[in-house]
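*Asks:* The following file, work18.txt, comprises compact mmCIF, C-alpha atoms:
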```txt
# COMPACT_ATOMS: atom_id res chain seq x y z
CA MET A 1 -13.51 7.61 -38.82
CA GLU A 2 -15.57 9.20 -36.07
CA PHE A 3 -18.29 7.75 -33.86
CA PRO A 4 -21.00 9.29 -31.65
CA PHE A 5 -19.40 7.84 -28.48
CA ASP A 6 -16.04 8.47 -26.90
CA VAL A 7 -13.56 6.31 -28.79
CA ASP A 8 -10.64 7.66 -26.81
CA ALA A 9 -12.21 6.48 -23.55
CA LEU A 10 -13.35 3.15 -24.99
CA LEU A 11 -9.95 2.26 -26.47
CA PRO A 12 -7.31 3.53 -24.03
CA GLU A 13 -4.24 2.47 -26.08
CA ARG A 14 -3.22 3.85 -29.45
CA ILE A 15 -3.35 0.34 -30.88
CA THR A 16 -5.94 -1.95 -29.33
CA VAL A 17 -5.92 -5.72 -29.86
CA LEU A 18 -9.31 -7.47 -29.99
CA ASP A 19 -9.97 -11.20 -30.12
CA GLN A 20 -13.16 -13.15 -30.83
CA HIS A 21 -14.68 -12.17 -27.47
CA LEU A 22 -14.70 -8.44 -28.36
CA ARG A 23 -14.31 -7.49 -24.73
CA PRO A 24 -13.51 -3.89 -23.78
CA PRO A 25 -9.86 -3.46 -22.78
CA ALA A 26 -8.85 -2.48 -19.25
CA ARG A 27 -9.60 1.15 -18.60
CA ARG A 28 -7.11 3.70 -17.41
CA PRO A 29 -7.28 4.67 -13.75
CA GLY A 30 -9.48 7.68 -13.11
CA THR A 31 -11.55 7.22 -16.30
CA THR A 32 -15.29 7.32 -15.74
CA THR A 33 -17.98 5.89 -17.97
CA PRO A 34 -21.63 6.99 -18.10
CA ALA A 35 -23.95 4.62 -16.33
CA ARG A 36 -25.58 1.75 -18.17
CA VAL A 37 -23.48 2.01 -21.29
CA ASP A 38 -22.93 -1.22 -23.17
CA LEU A 39 -19.23 -1.02 -23.96
CA GLN A 40 -19.19 -4.27 -25.91
CA GLN A 41 -21.97 -2.99 -28.15
CA GLN A 42 -19.86 0.09 -28.93
CA ILE A 43 -16.92 -2.13 -29.86
CA MET A 44 -19.15 -4.22 -32.12
CA THR A 45 -20.32 -1.02 -33.81
CA ILE A 46 -16.71 0.02 -34.47
CA VAL A 47 -15.88 -3.39 -35.96
CA ASP A 48 -18.94 -3.39 -38.22
CA GLU A 49 -18.31 0.13 -39.53
CA LEU A 50 -14.63 -0.55 -40.18
CA GLY A 51 -15.58 -3.70 -42.12
CA LYS A 52 -18.02 -1.76 -44.30
CA ALA A 53 -15.45 0.97 -45.02
CA SER A 54 -12.83 -1.63 -45.98
CA ALA A 55 -15.22 -3.47 -48.31
CA LYS A 56 -16.15 -0.21 -50.01
CA ALA A 57 -12.51 0.77 -50.51
CA GLN A 58 -11.70 -2.66 -52.04
CA HIS A 59 -14.89 -2.74 -54.13
CA LEU A 60 -16.09 -5.92 -52.47
CA PRO A 61 -19.75 -6.95 -52.73
CA ALA A 62 -20.00 -7.56 -48.95
CA PRO A 63 -17.83 -6.88 -45.88
CA ILE A 64 -15.39 -9.61 -44.93
CA THR A 65 -14.94 -8.14 -41.43
CA SER A 66 -17.80 -7.84 -38.97
CA ALA A 67 -18.54 -8.41 -35.30
CA SER A 68 -20.38 -11.65 -36.02
CA ARG A 69 -17.45 -12.97 -38.08
CA MET A 70 -15.03 -12.03 -35.36
CA GLN A 71 -17.08 -13.93 -32.77
CA SER A 72 -17.30 -17.08 -34.91
CA ASN A 73 -13.59 -17.21 -35.85
CA ARG A 74 -10.37 -17.10 -33.92
CA HIS A 75 -9.12 -13.94 -35.58
CA VAL A 76 -7.26 -11.02 -34.06
CA MET A 77 -7.97 -7.40 -34.92
CA TYR A 78 -5.53 -4.51 -34.43
CA ILE A 79 -7.31 -1.14 -34.28
CA LEU A 80 -5.36 2.12 -34.59
CA LYS A 81 -6.91 5.29 -33.20
CA ASP A 82 -6.05 8.99 -33.58
CA THR A 83 -6.11 11.26 -30.52
CA SER A 84 -5.17 14.49 -32.29
CA ALA A 85 -7.51 17.47 -32.52
CA ARG A 86 -10.97 16.05 -32.98
CA PRO A 87 -14.41 17.53 -32.33
CA ALA A 88 -15.45 17.19 -28.71
CA GLY A 89 -12.24 15.27 -27.95
CA LYS A 90 -13.88 11.91 -28.65
CA GLY A 91 -11.07 10.62 -30.82
CA ALA A 92 -11.35 8.72 -34.10
CA ILE A 93 -10.32 5.46 -35.73
CA VAL A 94 -7.50 5.55 -38.28
CA GLY A 95 -7.71 1.95 -39.53
CA PHE A 96 -7.38 -1.70 -38.61
CA LEU A 97 -5.54 -4.90 -39.49
CA LYS A 98 -7.09 -8.36 -39.12
CA VAL A 99 -4.97 -11.52 -38.98
CA GLY A 100 -5.54 -15.19 -38.21
CA TYR A 101 -4.02 -18.65 -38.60
CA LYS A 102 -5.41 -20.83 -41.38
CA LYS A 103 -4.63 -24.28 -42.74
CA LEU A 104 -3.61 -23.93 -46.37
CA PHE A 105 -2.33 -26.12 -49.19
CA VAL A 106 0.28 -24.08 -51.00
CA LEU A 107 2.73 -24.78 -53.79
CA ASP A 108 6.45 -24.32 -53.36
CA ASP A 109 9.05 -23.45 -56.00
CA ARG A 110 8.98 -27.05 -57.30
CA GLU A 111 5.16 -26.99 -57.55
CA ALA A 112 4.83 -29.53 -54.73
CA HIS A 113 1.82 -29.31 -52.43
CA ASN A 114 2.51 -28.42 -48.80
CA GLU A 115 0.06 -28.34 -45.91
CA VAL A 116 0.90 -25.36 -43.70
CA GLU A 117 -0.82 -23.17 -41.13
CA PRO A 118 0.71 -19.70 -41.43
CA LEU A 119 -0.42 -16.38 -40.05
CA CYS A 120 -2.59 -14.78 -42.72
CA ILE A 121 -3.40 -11.15 -43.48
CA LEU A 122 -7.18 -11.22 -43.83
CA ASP A 123 -8.13 -7.53 -44.01
CA PHE A 124 -6.21 -4.25 -43.93
CA TYR A 125 -7.65 -0.75 -44.11
CA ILE A 126 -6.49 2.81 -43.46
CA HIS A 127 -8.94 5.68 -43.82
CA GLU A 128 -8.56 7.47 -47.16
CA SER A 129 -7.89 10.85 -45.54
CA LEU A 130 -5.01 9.46 -43.46
CA GLN A 131 -3.17 7.36 -46.00
CA ARG A 132 0.52 8.00 -46.84
CA HIS A 133 1.14 9.33 -43.34
CA GLY A 134 2.95 6.27 -41.96
CA HIS A 135 -0.10 4.92 -40.11
CA GLY A 136 -0.19 1.72 -42.12
CA ARG A 137 3.50 1.03 -41.48
CA GLU A 138 3.03 1.71 -37.76
CA LEU A 139 0.07 -0.66 -37.52
CA PHE A 140 1.72 -3.41 -39.57
CA GLN A 141 4.99 -3.22 -37.63
CA HIS A 142 3.15 -3.45 -34.32
CA MET A 143 1.40 -6.62 -35.52
CA LEU A 144 4.72 -8.23 -36.59
CA GLN A 145 6.25 -7.59 -33.18
CA LYS A 146 3.17 -8.80 -31.34
CA GLU A 147 2.82 -12.01 -33.38
CA ARG A 148 6.61 -12.57 -33.62
CA VAL A 149 6.67 -13.28 -37.33
CA GLU A 150 8.66 -12.04 -40.31
CA PRO A 151 6.96 -10.40 -43.30
CA HIS A 152 7.97 -13.21 -45.71
CA GLN A 153 6.31 -15.78 -43.43
CA LEU A 154 2.85 -14.28 -43.98
CA ALA A 155 0.15 -15.40 -46.38
CA ILE A 156 -2.08 -12.63 -47.73
CA ASP A 157 -5.69 -13.28 -48.66
CA ARG A 158 -6.56 -11.59 -51.99
CA PRO A 159 -4.28 -8.58 -51.58
CA SER A 160 -5.09 -5.39 -53.47
CA GLN A 161 -2.56 -3.59 -55.63
CA LYS A 162 -2.14 -0.98 -52.89
CA LEU A 163 -1.23 -3.67 -50.36
CA LEU A 164 1.24 -5.31 -52.73
CA LYS A 165 2.94 -1.96 -53.33
CA PHE A 166 2.96 -1.33 -49.58
CA LEU A 167 4.71 -4.67 -48.89
CA ASN A 168 7.20 -4.05 -51.67
CA LYS A 169 8.02 -0.55 -50.48
CA HIS A 170 8.45 -1.24 -46.76
CA TYR A 171 9.50 -4.93 -46.63
CA ASN A 172 11.01 -5.63 -50.07
CA LEU A 173 8.45 -8.35 -50.78
CA GLU A 174 8.28 -8.53 -54.54
CA THR A 175 8.75 -12.06 -55.91
CA THR A 176 5.67 -14.18 -55.31
CA VAL A 177 5.23 -17.96 -55.50
CA PRO A 178 2.28 -18.72 -57.84
CA GLN A 179 -0.68 -20.40 -56.17
CA VAL A 180 -3.97 -21.90 -57.28
CA ASN A 181 -5.98 -20.31 -54.45
CA ASN A 182 -6.62 -16.69 -53.45
CA PHE A 183 -3.64 -16.47 -51.10
CA VAL A 184 -0.33 -14.89 -52.02
CA ILE A 185 3.00 -15.90 -50.53
CA PHE A 186 6.44 -14.46 -51.24
CA GLU A 187 9.85 -15.88 -51.87
CA GLY A 188 11.33 -17.15 -48.61
CA PHE A 189 8.00 -18.34 -47.25
CA PHE A 190 9.28 -21.93 -46.90
CA ALA A 191 12.57 -20.93 -45.30
CA HIS A 192 11.16 -21.53 -41.81
CA GLN A 193 8.28 -23.84 -42.68
CA HIS A 194 8.58 -27.51 -41.80
CA PRO A 195 5.68 -29.37 -43.45
CA PRO A 196 5.22 -32.98 -42.30
CA ALA A 197 7.08 -35.41 -44.50
CA ARG A 198 4.85 -37.78 -46.41
CA LYS A 199 5.93 -41.38 -45.95
CA LEU A 200 5.79 -43.42 -49.14
CA PRO A 201 5.78 -47.24 -49.16
CA PRO A 202 9.27 -48.69 -49.78
CA LYS A 203 9.95 -49.89 -53.30
CA ARG A 204 10.33 -53.61 -53.89
CA ALA A 205 13.57 -55.03 -55.18
CA GLU A 206 13.51 -56.15 -58.77
CA GLY A 207 13.75 -59.80 -57.77
CA GLU A 208 10.63 -59.55 -55.61
CA ILE A 209 8.34 -58.22 -58.31
CA LYS A 210 5.78 -60.87 -59.27
CA PRO A 211 3.99 -61.06 -62.64
CA TYR A 212 0.63 -61.25 -60.93
CA SER A 213 -0.95 -60.53 -57.59
CA SER A 214 -1.68 -62.96 -54.77
CA SER A 215 -5.33 -63.17 -55.83
CA ASP A 216 -4.24 -64.23 -59.31
CA ARG A 217 -2.02 -66.90 -57.85
CA GLU A 218 -4.91 -68.28 -55.80
CA PHE A 219 -7.04 -68.38 -58.93
CA LEU A 220 -4.41 -70.33 -60.83
CA LYS A 221 -4.27 -72.89 -58.05
CA VAL A 222 -7.93 -73.76 -58.62
CA ALA A 223 -7.93 -73.56 -62.42
CA VAL A 224 -10.85 -75.15 -64.23
CA GLU A 225 -10.15 -78.76 -65.23
CA PRO A 226 -11.92 -81.12 -67.66
CA PRO A 227 -14.62 -83.39 -66.12
CA TRP A 228 -13.87 -86.86 -64.89
CA PRO A 229 -12.72 -89.22 -66.35
CA LEU A 230 -11.10 -86.99 -68.98
CA ASN A 231 -8.88 -85.46 -66.33
CA ARG A 232 -7.16 -88.75 -65.61
CA ALA A 233 -3.72 -89.26 -67.07
CA PRO A 234 -3.34 -92.16 -69.54
CA ARG A 235 -1.41 -95.00 -68.03
CA ARG A 236 0.47 -97.83 -69.68
CA ALA A 237 0.61 -100.10 -66.65
CA THR A 238 0.75 -103.89 -66.85
CA PRO A 239 -2.47 -105.84 -66.25
CA PRO A 240 -3.04 -106.61 -62.55
CA ALA A 241 -2.67 -110.17 -61.31
CA HIS A 242 -6.27 -110.24 -60.10
CA PRO A 243 -9.21 -108.29 -61.57
CA PRO A 244 -10.48 -105.45 -59.38
CA PRO A 245 -13.69 -106.19 -57.48
CA ARG A 246 -16.92 -105.13 -59.08
CA SER A 247 -18.98 -102.38 -57.54
CA SER A 248 -21.56 -103.60 -55.09
CA SER A 249 -24.17 -101.23 -56.43
CA LEU A 250 -24.92 -99.89 -59.87
CA GLY A 251 -25.23 -96.42 -58.45
CA ASN A 252 -21.73 -96.34 -57.03
CA SER A 253 -18.99 -94.77 -59.06
CA PRO A 254 -15.55 -96.28 -59.26
CA GLU A 255 -12.94 -94.61 -57.17
CA ARG A 256 -11.47 -91.54 -58.83
CA GLY A 257 -7.76 -91.14 -59.10
CA PRO A 258 -5.84 -87.99 -58.36
CA LEU A 259 -6.47 -85.11 -60.74
CA ARG A 260 -3.68 -84.24 -63.12
CA PRO A 261 -2.76 -80.66 -63.96
CA PHE A 262 -4.75 -78.85 -66.61
CA VAL A 263 -3.57 -79.64 -70.16
CA PRO A 264 -4.45 -77.91 -73.44
CA GLU A 265 -7.35 -79.24 -75.48
CA GLN A 266 -5.26 -80.45 -78.44
CA GLU A 267 -2.95 -82.44 -76.17
CA LEU A 268 -5.95 -83.92 -74.36
CA LEU A 269 -7.56 -85.15 -77.58
CA ARG A 270 -4.27 -86.61 -78.80
CA SER A 271 -3.89 -88.49 -75.50
CA LEU A 272 -7.40 -89.93 -75.80
CA ARG A 273 -6.74 -91.22 -79.35
CA LEU A 274 -3.50 -92.90 -78.27
CA CYS A 275 -4.90 -94.26 -75.00
CA PRO A 276 -4.91 -98.15 -75.05
CA PRO A 277 -7.90 -100.19 -73.85
CA HIS A 278 -8.33 -100.48 -70.14
CA PRO A 279 -6.59 -103.59 -68.71
CA THR A 280 -9.80 -104.70 -67.08
CA ALA A 281 -11.62 -104.77 -70.43
CA ARG A 282 -8.93 -106.95 -71.99
CA LEU A 283 -9.05 -109.31 -69.01
CA LEU A 284 -12.85 -109.65 -69.20
CA LEU A 285 -12.71 -110.48 -72.91
CA ALA A 286 -10.02 -113.07 -72.31
CA THR A 287 -11.94 -114.85 -69.50
CA ASP A 288 -15.43 -114.72 -71.12
CA PRO A 289 -16.43 -118.35 -72.10
CA GLY A 290 -18.54 -117.15 -75.01
CA GLY A 291 -15.91 -114.83 -76.22
CA SER A 292 -14.38 -117.08 -78.87
CA PRO A 293 -12.82 -115.47 -81.87
CA ALA A 294 -15.56 -116.69 -84.20
CA GLN A 295 -18.31 -115.41 -81.91
CA ARG A 296 -16.57 -112.06 -81.60
CA ARG A 297 -16.38 -111.87 -85.38
CA ARG A 298 -20.10 -112.65 -85.69
CA THR A 299 -20.93 -110.10 -83.02
CA SER A 300 -18.82 -107.45 -84.63
CA SER A 301 -20.54 -108.03 -87.99
CA LEU A 302 -23.94 -107.07 -86.61
CA PRO A 303 -25.18 -103.56 -87.53
CA ARG A 304 -24.65 -100.95 -84.83
CA SER A 305 -27.30 -98.58 -83.59
CA ASP A 306 -26.99 -94.97 -84.66
CA ASP A 307 -25.92 -93.16 -81.49
CA SER A 308 -26.05 -89.81 -83.22
CA ARG A 309 -29.80 -89.69 -82.69
CA TYR A 310 -29.29 -89.40 -78.96
```
What does the file become when written as structure tokens?

*Replies:*
Amino acid sequence: MEFPFDVDALLPERITVLDQHLRPPARRPGTTTPARVDLQQQIMTIVDELGKASAKAQHLPAPITSASRMQSNRHVMYILKDTSARPAGKGAIVGFLKVGYKKLFVLDDREAHNEVEPLCILDFYIHESLQRHGHGRELFQHMLQKERVEPHQLAIDRPSQKLLKFLNKHYNLETTVPQVNNFVIFEGFFAHQHPPARKLPPKRAEGEIKPYSSSDREFLKVAVEPPWPLNRAPRRATPPAHPPPRSSSLGNSPERGPLRPFVPEQELLRSLRLCPPHPTARLLLATDPGGSPAQRRRTSSLPRSDDSRY
């Protein structure tokens, strides 16, 4: 790929490495540049044109490599140039390789999720007229040495069939680990990966397992009980030696005894039927001067009012 400016002078090395700053590399001693030439603008032009050519070759709707994307991401771009016979000796660009580290969630052989941050192949392009000449292998091998990684440690973003054949031919990468995203990893990817271990809460012993939670236990402690005086337990105590003192005021309630635990309804009704008269009532009847047996019989023979109306 040729450009109207001197590529050979702009990129002094055969393979130039660019980061997000897109700064021109150091120039060779004795090389002169025309005055007032924006070198960074020329580099941005090369990046944009290479991105368009790669998108066209992969039949993508839009370029995934551009100068603006390079400046907004921490990606690295390896550009390979050709200094052989070219018109006007300006040189040309053979292709490029873009890589970058990304946080991914990938599946291993056991289909377990792993959070990793591998070096990813994001874009790879060699000009159509220069393919199958070893340029792609040269560029890829230079990147591996520079980044100090092995081919099976890489994750490839949406690789084309050409790229998969290239990796199989030169690096014996054939068996892939199925993923649910657009990235492809190969067998051996997890050989040097150390994902953080996920700590699970320790299991309780069988003896410690409770049938209900602590909130349920608190609820049972304050279970609903029948109203007073139905919640008092029936007692069969002997009559006291002296009658209890009467309340000083009609509005005062007699002192309540301690609440008994909640009992079923049937048991409660059975206890009420079997409950004997209160000792105080028996004592009052025994000490009442008008409470002779004949008077009690006459009183009991009187008709009772119908309480069901109220």

*Asks:* I need the residue nearest Val116 of chain A from this list: A:Met1, A:Met44, A:Ala155, A:Leu164. Use all atoms listed in the file for the distance.

*Replies:*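 Smallest separation from Val116 of chain A among the options: A:Ala155.
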
*Asks:* What separation in Å, quoted to one decimal, exists between atom CA of Thr16 of chain A and atom CA of Ser84 of chain A?

*Replies:*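 About the pair atom CA of Thr16 of chain A and atom CA of Ser84 of chain A: they are 16.7 Å apart.
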
*Asks:* Rounded to one decimal place, report the atom CA of Asn168 of chain A-atom CA of Val94 of chain A distance in Å.

*Replies:*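 So the two atoms, atom CA of Asn168 of chain A and atom CA of Val94 of chain A, lie 22.1 Å apart.
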
*Asks:* Could you work out how far atom CA of Asp8 of chain A lies from atom CA of His170 of chain A, giving the answer in Å with one decimal?

*Replies:* 29.0 Å

*Asks:* Which of these, A:Pro12, A:Thr175, A:Ser160, A:His142, has the shortest distance to His59 of chain A once you count all atoms listed in the file?

*Replies:* A:Ser160

*Asks:* Using all atoms listed in the file, pick whichever of A:Ile93, A:Val177, A:Ala67, A:Leu144 has the shortest atom-to-atom distance to Gln20 of chain A.

*Replies:*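 Among the listed residues, the smallest separation from Gln20 of chain A belongs to A:Ala67.
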
*Asks:* If you count all atoms listed in the file, which residues fall within 9 Å of Asp123 of chain A, apart from same-chain ones fewer than 3 positions away, as a VMD selection string?

*Replies:* chain A and resid 51 54 64 to 65 96 to 99 156 to 157 159

*Asks:* Near Asn114 of chain A, within 7 Å and counting all atoms listed in the file, which residues show up once chain neighbours fewer than 2 positions away are dropped, as a PDB file with C-alpha atoms, in the coordinates of the input?

*Replies:*
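Saved file part12.pdb follows:
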```pdb
ATOM      1  CA  PHE A 105      -2.330 -26.120 -49.190  1.00  0.00           C
ATOM      2  CA  VAL A 106       0.280 -24.080 -51.000  1.00  0.00           C
ATOM      3  CA  LEU A 107       2.730 -24.780 -53.790  1.00  0.00           C
ATOM      4  CA  ALA A 112       4.830 -29.530 -54.730  1.00  0.00           C
ATOM      5  CA  VAL A 116       0.900 -25.360 -43.700  1.00  0.00           C
ATOM      6  CA  PRO A 195       5.680 -29.370 -43.450  1.00  0.00           C
TER       7      PRO A 195
END
```

*Asks:* Taking (-4.7, -17.6, -45.8) in the file's coordinates as the center, which residues reach within 10 Å of it, counting only C-alpha atoms, put as a list in words?

*Replies:* Val99, Gly100, Tyr101, Lys102, Lys103, Leu104, Phe105, Val106, Val116, Glu117, Pro118, Leu119, Cys120, Ile121, Leu122, Leu154, Ala155, Ile156, Asp157, Arg158, Asn181, Asn182, Phe183, Val184 and Ile185 of chain A

*Asks:* Looking at all atoms listed in the file, which of A:Ala53, A:Phe124, A:His21, A:Ala26 is the one that sits closest to Gln40 of chain A?

*Replies:*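 Ranking A:Ala53, A:Phe124, A:His21, A:Ala26 by distance to Gln40 of chain A, first place goes to A:His21.
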
*Asks:* List the spatial neighbours of Ile15 of chain A as an MDAnalysis selection string - criterion: any atom at most 7 Å away, only C-alpha atoms, same-chain residues fewer than 2 positions off excluded.

*Replies:* chainID A and resid 13 17 78:81
